[in-house]
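**Student:** Below you'll find the structure I mean.
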Amino acid sequence: MLDQAAHENFPVAPFFLPRAWRADLMAVYGFARLVDDIGDGDLAPGGADAVLLGLDRAQFDDRPALLDALEADLERVFSDRAPGPKHPLMRRLGPTVRRCELTPEPFLGLIEANRQDQRVSRYATYDDLVAYCELSANPVGRLVLGITGTASPERIRRSDAVCTALQIVEHIQDVAEDLGRDRIYLPAEDLKRFGVSEADLAAPSGGASVRALIAYEAERARDLLDEGTALVGSVHGRLKLLLAGFVAGGRAALQAVAAAEHDVLPGPPKPTKLSLLREVGATLRREG
């Protein structure tokens with residue numbers, strides 16, 4: 001599960017960070033991946049994770065039950081009482097929570113986002129989608145600030161903008177994959193505005209109206225990145241490089257979408273390592 005970190009749009013715990021930060025970031029990433037894999041039905045077959053969480057093996061595909069069990073295991077992470085957490089990824093999370101004095105709220109937000117995925121498959125408005133991102137994405141940035149000891153109200157606000165942008169970028173890239181799960185993260189009001197039907201999103205490639213819609217959502221994500229980029233200039237040292245990597249990952253992904261002429265239906269356009277490095281440099285120059 002943790003080996004998926006290498007395939008994200010942006011570096012999760014790059015080599016240049018202090019070892020303690022890398023360990024803590026990977027512990028949080030392991031939790032986030034476990035939550036998402038439960039919510040998406042992507043756990044390894046065989047039911048091992050269900051058993052580790054205290055469920056019957058036959059409940060391996062009962063997503064609500066698995067999320068409830070994971071929340072119960074999270075409570076054990078934050079409890080001083082025995083027994084401790086059951087799942088090995090949750091046991092790994094414990095030292096990070098204690099060392100960094102993290103609170104349960106960001107972790108609970110990620111679980112709630114995946115509960116919402118079981119109930120909600122369409123979003124009527126952009127505001128509805130942003131509210132979902134407050135659960136599904138923004139907690140990750142807040143945890144990074146908590147791990148690095150740099151949280152402040154202004155940094156949290158900027159971080160939220162970056163994280164929401166990155167989530168929207170991911171939704172843009174994964175339109176076809178999400179539709180395969182019967183989920184659409186493009187606001188219904190925008191589909192209507194651009195004359196796009198769900199059948200249009202199921203086509204092998206995007207027509208002019210679909211591409212115009214994707215370009216519109218991409219511009220929204222770019223505006224959020226612009227709003228949040230000042231976060232990079234507010235910190236120093238290796239953390240500055242890490243946050244620049246997050247912002248650059250979003251910008252490079254948007255460049256890949258634009259290079260595909262906003263046709264995301266054949267598959268997610270992905271940035272190259274070179275384009276990512278260029279964007280890191282450009283972000284550091286702007287915010288240096």
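Naming scheme: A, B, ... for chains in displayed order of the structure tokens; residues 1 onward per chain; ligands 1 onward as shown.
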Residues near range 143-156 of chain A, anyone? I mean within 7 Å using only C-alpha atoms, not counting same-chain ones fewer than 2 positions away, as a short mmCIF file (atom, residue, chain, number, x, y, z; two decimals) with all heavy atoms, in the first residue's frame.
**Tutor:**
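Result went into around.cif, see below:
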data_model
loop_
_atom_site.label_atom_id
_atom_site.label_comp_id
_atom_site.auth_asym_id
_atom_site.auth_seq_id
_atom_site.Cartn_x
_atom_site.Cartn_y
_atom_site.Cartn_z
N TRP A 21 10.60 13.43 9.79
CA TRP A 21 9.48 13.94 8.98
C TRP A 21 9.05 12.90 7.96
O TRP A 21 7.85 12.69 7.75
CB TRP A 21 9.89 15.21 8.25
CG TRP A 21 9.89 16.44 9.09
CD1 TRP A 21 9.72 16.52 10.45
CD2 TRP A 21 10.09 17.78 8.63
NE1 TRP A 21 9.80 17.82 10.86
CE2 TRP A 21 10.03 18.62 9.78
CE3 TRP A 21 10.32 18.35 7.38
CZ2 TRP A 21 10.18 19.99 9.70
CZ3 TRP A 21 10.48 19.73 7.29
CH2 TRP A 21 10.41 20.54 8.43
N ASP A 24 7.02 10.22 9.61
CA ASP A 24 5.70 10.69 10.03
C ASP A 24 4.79 10.90 8.82
O ASP A 24 3.60 10.56 8.85
CB ASP A 24 5.83 11.98 10.83
CG ASP A 24 6.48 11.74 12.19
OD1 ASP A 24 6.37 10.62 12.72
OD2 ASP A 24 7.08 12.70 12.73
N CYS A 100 3.95 14.38 17.31
CA CYS A 100 3.57 15.66 16.68
C CYS A 100 2.35 16.30 17.33
O CYS A 100 1.92 17.37 16.89
CB CYS A 100 3.31 15.43 15.19
SG CYS A 100 4.72 14.72 14.30
N LEU A 102 -0.78 15.48 17.20
CA LEU A 102 -1.85 15.62 16.23
C LEU A 102 -3.20 15.36 16.90
O LEU A 102 -3.28 14.62 17.88
CB LEU A 102 -1.65 14.64 15.07
CG LEU A 102 -0.33 14.78 14.30
CD1 LEU A 102 -0.22 13.73 13.20
CD2 LEU A 102 -0.18 16.18 13.72
N PRO A 106 -8.47 15.81 11.67
CA PRO A 106 -8.14 15.59 10.25
C PRO A 106 -8.34 14.14 9.82
O PRO A 106 -8.81 13.88 8.71
CB PRO A 106 -6.67 15.99 10.17
CG PRO A 106 -6.44 16.88 11.34
CD PRO A 106 -7.34 16.37 12.41
N PRO A 139 -7.65 18.05 5.10
CA PRO A 139 -6.99 17.47 6.28
C PRO A 139 -5.55 17.05 6.03
O PRO A 139 -4.72 17.10 6.94
CB PRO A 139 -7.88 16.27 6.62
CG PRO A 139 -9.23 16.63 6.11
CD PRO A 139 -8.96 17.39 4.83
N VAL A 140 -5.22 16.66 4.80
CA VAL A 140 -3.86 16.21 4.51
C VAL A 140 -2.88 17.36 4.69
O VAL A 140 -1.83 17.22 5.33
CB VAL A 140 -3.77 15.63 3.09
CG1 VAL A 140 -2.34 15.26 2.75
CG2 VAL A 140 -4.69 14.42 2.95
N GLY A 141 -3.20 18.53 4.14
CA GLY A 141 -2.33 19.68 4.31
C GLY A 141 -2.21 20.09 5.77
O GLY A 141 -1.11 20.46 6.24
N ARG A 158 -4.13 29.00 3.48
CA ARG A 158 -3.43 28.81 2.22
C ARG A 158 -3.32 27.33 1.86
O ARG A 158 -3.49 26.93 0.71
CB ARG A 158 -2.03 29.42 2.31
CG ARG A 158 -1.98 30.91 2.60
CD ARG A 158 -2.35 31.74 1.40
NE ARG A 158 -2.13 33.17 1.65
CZ ARG A 158 -2.38 34.13 0.78
NH1 ARG A 158 -2.84 33.82 -0.41
NH2 ARG A 158 -2.16 35.40 1.09
N SER A 159 -3.03 26.52 2.87
CA SER A 159 -2.93 25.08 2.65
C SER A 159 -4.25 24.50 2.16
O SER A 159 -4.26 23.65 1.25
CB SER A 159 -2.50 24.39 3.95
OG SER A 159 -2.57 22.99 3.83
N ASP A 160 -5.34 24.95 2.73
CA ASP A 160 -6.66 24.47 2.30
C ASP A 160 -6.89 24.77 0.83
O ASP A 160 -7.44 23.95 0.08
CB ASP A 160 -7.76 25.10 3.15
CG ASP A 160 -7.85 24.52 4.55
OD1 ASP A 160 -7.16 23.53 4.84
OD2 ASP A 160 -8.63 25.07 5.37
N LEU A 231 1.80 30.16 0.63
CA LEU A 231 2.19 29.24 1.70
C LEU A 231 3.67 28.88 1.57
O LEU A 231 4.38 28.76 2.58
CB LEU A 231 1.33 27.97 1.64
CG LEU A 231 1.68 26.84 2.60
CD1 LEU A 231 1.39 27.26 4.03
CD2 LEU A 231 0.86 25.59 2.24
#
**Student:** Give me, as number ranges by chain, all polymer residues having an atom no more than 10 Å from Ala208 in chain A, counting only C-alpha atoms and skipping those fewer than 4 positions away in the same chain.
**Tutor:** A: 194, 196, 212-214, 261-263
**Student:** Could those residues be written to a file, using C-alpha atoms, as a PDB file, in the first residue's frame?
**Tutor:**
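Final output, saved to part_29.pdb:
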ATOM      1  CA  PHE A 194     -21.604  23.575 -20.961  1.00  0.00           C
ATOM      2  CA  VAL A 196     -22.480  18.094 -21.249  1.00  0.00           C
ATOM      3  CA  ALA A 212     -14.523  23.358 -22.582  1.00  0.00           C
ATOM      4  CA  LEU A 213     -15.931  22.082 -19.286  1.00  0.00           C
ATOM      5  CA  ILE A 214     -12.588  20.549 -18.284  1.00  0.00           C
ATOM      6  CA  GLU A 261      -6.176  19.708 -25.194  1.00  0.00           C
ATOM      7  CA  HIS A 262      -8.312  19.059 -22.116  1.00  0.00           C
ATOM      8  CA  ASP A 263      -9.346  15.626 -23.407  1.00  0.00           C
TER       9      ASP A 263
END
**Student:** Fewer than 5 positions away in the same chain doesn't count, so skip those; otherwise give me all residues within 7 Å of range 129-132 of chain A, counting only C-alpha atoms, as a list in words.
**Tutor:**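 Final neighbour list, sorted by chain and number: Ala113, Tyr123, Thr164 and Pro187 of chain A.
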**Student:** Keeping all heavy atoms, export the residues of the selection given above as a PDB file, in the first residue's frame.
**Tutor:**
ATOM      1  N   ALA A 113     -15.137  11.653   4.572  1.00  0.00           N
ATOM      2  CA  ALA A 113     -15.170  11.853   3.122  1.00  0.00           C
ATOM      3  C   ALA A 113     -15.466  10.540   2.411  1.00  0.00           C
ATOM      4  O   ALA A 113     -16.232  10.502   1.432  1.00  0.00           O
ATOM      5  CB  ALA A 113     -13.834  12.415   2.638  1.00  0.00           C
ATOM      6  N   TYR A 123     -22.470  15.818  -7.484  1.00  0.00           N
ATOM      7  CA  TYR A 123     -22.430  17.082  -6.742  1.00  0.00           C
ATOM      8  C   TYR A 123     -23.144  18.153  -7.553  1.00  0.00           C
ATOM      9  O   TYR A 123     -22.781  18.414  -8.700  1.00  0.00           O
ATOM     10  CB  TYR A 123     -20.979  17.471  -6.423  1.00  0.00           C
ATOM     11  CG  TYR A 123     -20.410  16.548  -5.363  1.00  0.00           C
ATOM     12  CD1 TYR A 123     -19.865  15.320  -5.720  1.00  0.00           C
ATOM     13  CD2 TYR A 123     -20.519  16.864  -4.018  1.00  0.00           C
ATOM     14  CE1 TYR A 123     -19.403  14.438  -4.753  1.00  0.00           C
ATOM     15  CE2 TYR A 123     -20.059  15.997  -3.038  1.00  0.00           C
ATOM     16  CZ  TYR A 123     -19.505  14.779  -3.415  1.00  0.00           C
ATOM     17  OH  TYR A 123     -19.068  13.904  -2.447  1.00  0.00           O
ATOM     18  N   THR A 164      -7.451  21.762  -1.831  1.00  0.00           N
ATOM     19  CA  THR A 164      -8.681  21.703  -2.624  1.00  0.00           C
ATOM     20  C   THR A 164      -8.344  21.730  -4.110  1.00  0.00           C
ATOM     21  O   THR A 164      -8.931  20.982  -4.907  1.00  0.00           O
ATOM     22  CB  THR A 164      -9.617  22.870  -2.257  1.00  0.00           C
ATOM     23  OG1 THR A 164     -10.076  22.700  -0.915  1.00  0.00           O
ATOM     24  CG2 THR A 164     -10.826  22.916  -3.178  1.00  0.00           C
ATOM     25  N   PRO A 187     -19.281  19.428 -11.091  1.00  0.00           N
ATOM     26  CA  PRO A 187     -20.583  19.914 -10.609  1.00  0.00           C
ATOM     27  C   PRO A 187     -21.661  19.846 -11.685  1.00  0.00           C
ATOM     28  O   PRO A 187     -21.432  20.202 -12.847  1.00  0.00           O
ATOM     29  CB  PRO A 187     -20.293  21.359 -10.212  1.00  0.00           C
ATOM     30  CG  PRO A 187     -18.825  21.382  -9.906  1.00  0.00           C
ATOM     31  CD  PRO A 187     -18.214  20.428 -10.878  1.00  0.00           C
TER      32      PRO A 187
END
**Student:** Gly245 in chain A: which residues within 12 Å, counting only C-alpha atoms, same-chain residues fewer than 5 positions away excluded, as JSON, numbers by chain?
**Tutor:** {"A": [8, 9, 10, 11, 12, 13, 14, 16, 162, 166, 229, 231, 232, 238, 239, 240, 250, 251, 252, 253, 273, 275, 276, 277, 278, 279, 280, 281, 282, 283, 284]}
**Student:** Export C-alpha atoms of the chosen residues as a PDB file, in the first residue's frame?
**Tutor:**
ATOM      1  CA  GLU A   8       1.251  10.404  -6.800  1.00  0.00           C
ATOM      2  CA  ASN A   9       1.221  13.723  -8.711  1.00  0.00           C
ATOM      3  CA  PHE A  10       3.547  15.178  -6.098  1.00  0.00           C
ATOM      4  CA  PRO A  11       6.230  13.766  -3.740  1.00  0.00           C
ATOM      5  CA  VAL A  12       4.780  12.410  -0.497  1.00  0.00           C
ATOM      6  CA  ALA A  13       7.960  12.100   1.597  1.00  0.00           C
ATOM      7  CA  PRO A  14      10.973  12.992  -0.582  1.00  0.00           C
ATOM      8  CA  PHE A  16      15.657  15.558   1.261  1.00  0.00           C
ATOM      9  CA  VAL A 162      -3.742  24.233  -2.330  1.00  0.00           C
ATOM     10  CA  LEU A 166      -5.014  19.351  -5.930  1.00  0.00           C
ATOM     11  CA  THR A 229       1.029  29.484  -3.327  1.00  0.00           C
ATOM     12  CA  LEU A 231       2.195  29.238   1.701  1.00  0.00           C
ATOM     13  CA  VAL A 232       5.518  28.286   0.104  1.00  0.00           C
ATOM     14  CA  ARG A 238      13.434  21.832   3.318  1.00  0.00           C
ATOM     15  CA  LEU A 239       9.777  22.396   4.164  1.00  0.00           C
ATOM     16  CA  LYS A 240       9.751  25.187   1.582  1.00  0.00           C
ATOM     17  CA  GLY A 250      -0.740  20.601  -9.285  1.00  0.00           C
ATOM     18  CA  ARG A 251       0.605  23.040 -11.840  1.00  0.00           C
ATOM     19  CA  ALA A 252       2.429  20.334 -13.803  1.00  0.00           C
ATOM     20  CA  ALA A 253      -0.707  18.168 -13.837  1.00  0.00           C
ATOM     21  CA  LYS A 273       9.286  14.424 -14.046  1.00  0.00           C
ATOM     22  CA  SER A 275       7.837  19.315 -16.100  1.00  0.00           C
ATOM     23  CA  LEU A 276       7.432  18.779 -12.354  1.00  0.00           C
ATOM     24  CA  LEU A 277      11.020  19.874 -11.692  1.00  0.00           C
ATOM     25  CA  ARG A 278      10.552  22.938 -13.867  1.00  0.00           C
ATOM     26  CA  GLU A 279       7.434  23.895 -11.941  1.00  0.00           C
ATOM     27  CA  VAL A 280       9.227  23.405  -8.609  1.00  0.00           C
ATOM     28  CA  GLY A 281      11.902  25.835  -9.795  1.00  0.00           C
ATOM     29  CA  ALA A 282       9.342  28.339 -11.030  1.00  0.00           C
ATOM     30  CA  THR A 283       7.399  28.170  -7.759  1.00  0.00           C
ATOM     31  CA  LEU A 284      10.530  28.703  -5.684  1.00  0.00           C
TER      32      LEU A 284
END
**Student:** Smallest atom-to-atom distance to Ile168 in chain A: which of A:Leu74, A:Ala48, A:Met26, A:Ala221, using only C-alpha atoms?
**Tutor:**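 So, comparing all the options, the nearest one is A:Ala221.
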**Student:** I need the alpha helix (DSSP H) residues of range 29-277 of chain A per DSSP on the backbone, written as a ChimeraX atom specification.
**Tutor:** /A:29-40,48-52,63-77,88-100,105-119,126-136,138-148,153-173,175-180,188-194,198-201,208-228,230-233,237-259,273-277
**Student:** How many Å separate CA of Asp42 in chain A from CA of Ala27 in chain A?
**Tutor:** 19.1 Å
**Student:** Kindly indicate which residue among A:Arg285, A:Arg193, A:Arg91, A:Arg33 lies nearest to Asp73 in chain A, using only C-alpha atoms for the distances.
**Tutor:** A:Arg91
**Student:** Do a neighbour search on Arg211 in chain A at 12 Å with only C-alpha atoms, toss out local chain neighbours closer than 5 positions, and write the hits as a compact mmCIF listing (two decimals) with N, CA and C atoms, in the first residue's frame.
**Tutor:**
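Below is the file that was written, selection_18.txt:
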# COMPACT_ATOMS: atom_id res chain seq x y z
N ILE A 172 -10.32 16.10 -12.22
CA ILE A 172 -10.26 16.39 -13.65
C ILE A 172 -9.54 15.27 -14.40
N VAL A 175 -11.73 11.64 -14.60
CA VAL A 175 -13.16 11.65 -14.95
C VAL A 175 -13.62 10.27 -15.38
N LEU A 191 -21.98 21.00 -15.75
CA LEU A 191 -22.35 20.14 -16.89
C LEU A 191 -23.49 20.78 -17.67
N PHE A 194 -22.37 23.87 -19.75
CA PHE A 194 -21.60 23.57 -20.96
C PHE A 194 -22.30 22.57 -21.88
N GLY A 195 -23.52 22.18 -21.51
CA GLY A 195 -24.28 21.26 -22.35
C GLY A 195 -23.67 19.87 -22.43
N VAL A 196 -23.12 19.41 -21.31
CA VAL A 196 -22.48 18.09 -21.25
C VAL A 196 -23.39 17.12 -20.51
N ASP A 200 -21.93 11.89 -22.52
CA ASP A 200 -20.75 12.52 -23.12
C ASP A 200 -19.48 12.15 -22.36
N LEU A 201 -19.59 12.04 -21.04
CA LEU A 201 -18.42 11.70 -20.22
C LEU A 201 -18.02 10.24 -20.37
N SER A 205 -13.53 9.67 -26.18
CA SER A 205 -12.78 10.93 -26.13
C SER A 205 -13.78 12.07 -26.00
N GLY A 206 -13.26 13.21 -25.55
CA GLY A 206 -14.14 14.32 -25.27
C GLY A 206 -14.40 15.19 -26.48
N TYR A 216 -12.59 24.81 -17.98
CA TYR A 216 -13.20 25.70 -16.99
C TYR A 216 -12.84 25.23 -15.57
N GLU A 217 -12.97 23.94 -15.31
CA GLU A 217 -12.64 23.41 -13.99
C GLU A 217 -11.14 23.53 -13.73
N ALA A 218 -10.32 23.35 -14.77
CA ALA A 218 -8.88 23.49 -14.61
C ALA A 218 -8.51 24.92 -14.21
N VAL A 257 -2.84 18.31 -18.60
CA VAL A 257 -4.24 18.35 -19.07
C VAL A 257 -4.36 19.30 -20.26
N ALA A 258 -3.72 20.46 -20.17
CA ALA A 258 -3.77 21.42 -21.27
C ALA A 258 -3.08 20.86 -22.51
N ALA A 259 -1.96 20.14 -22.31
CA ALA A 259 -1.24 19.56 -23.44
C ALA A 259 -2.07 18.51 -24.15
N ALA A 260 -2.97 17.87 -23.40
CA ALA A 260 -3.90 16.89 -24.00
C ALA A 260 -5.12 17.57 -24.58
N GLU A 261 -5.06 18.90 -24.70
CA GLU A 261 -6.18 19.71 -25.19
C GLU A 261 -7.45 19.47 -24.39
N HIS A 262 -7.23 19.24 -23.09
CA HIS A 262 -8.31 19.06 -22.12
C HIS A 262 -9.19 17.83 -22.42
N ASP A 263 -8.63 16.89 -23.16
CA ASP A 263 -9.35 15.63 -23.41
C ASP A 263 -8.83 14.59 -22.41
N VAL A 264 -9.56 14.44 -21.30
CA VAL A 264 -9.14 13.54 -20.23
C VAL A 264 -9.82 12.18 -20.31
N LEU A 265 -10.74 12.02 -21.26
CA LEU A 265 -11.53 10.79 -21.29
C LEU A 265 -10.73 9.56 -21.71
**Student:** Find the distance between CA of Ala176 in chain A and CA of Glu112 in chain A and write it in Å to one decimal.
**Tutor:**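 The value is 23.8 Å.
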**Student:** So, with only C-alpha atoms as the atoms that count, which of A:Thr96, A:Ser197, A:Thr103, A:Ser79 lies closest to Gly30 in chain A?
**Tutor:**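 Of the candidates, the smallest distance to Gly30 in chain A is held by A:Thr96.
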**Student:** Could the residues of range 86-180 of chain A that have an atom at most 7 Å from range 34-41 of chain A be listed as JSON lines, each with its closest atom pair and the distance in Å to one decimal, counting only C-alpha atoms and ordered by chain and ascending residue number?
**Tutor:**
{"residue": "A:Ile111", "atom": "CA", "partner": "A:Val35", "partner_atom": "CA", "distance": 6.2}
{"residue": "A:Asn114", "atom": "CA", "partner": "A:Gly39", "partner_atom": "CA", "distance": 5.0}
{"residue": "A:Asp117", "atom": "CA", "partner": "A:Gly39", "partner_atom": "CA", "distance": 6.9}
**Student:** For the residues selected in the previous step, produce a file with N, CA and C atoms as a compact mmCIF listing (two decimals), in the first residue's frame.
**Tutor:**
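Just written: part38.txt:
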# COMPACT_ATOMS: atom_id res chain seq x y z
N ILE A 111 -12.00 9.93 6.95
CA ILE A 111 -12.95 8.82 7.04
C ILE A 111 -14.33 9.27 6.61
N ASN A 114 -14.89 9.47 2.89
CA ASN A 114 -15.12 8.17 2.25
C ASN A 114 -16.49 7.61 2.61
N ASP A 117 -18.62 9.23 0.10
CA ASP A 117 -18.52 8.57 -1.20
C ASP A 117 -19.47 7.39 -1.33
**Student:** With only C-alpha atoms as the atoms that count, which of A:Leu225, A:Ala230, A:Ala199, A:Ala165 lies nearest to Glu287 in chain A?
**Tutor:** A:Ala230
**Student:** Could you state the separation of CA of Ser136 in chain A and CA of Glu177 in chain A in Å, given to one decimal place?
**Tutor:**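 Interatomic distance, CA of Ser136 in chain A to CA of Glu177 in chain A: 17.5 Å.
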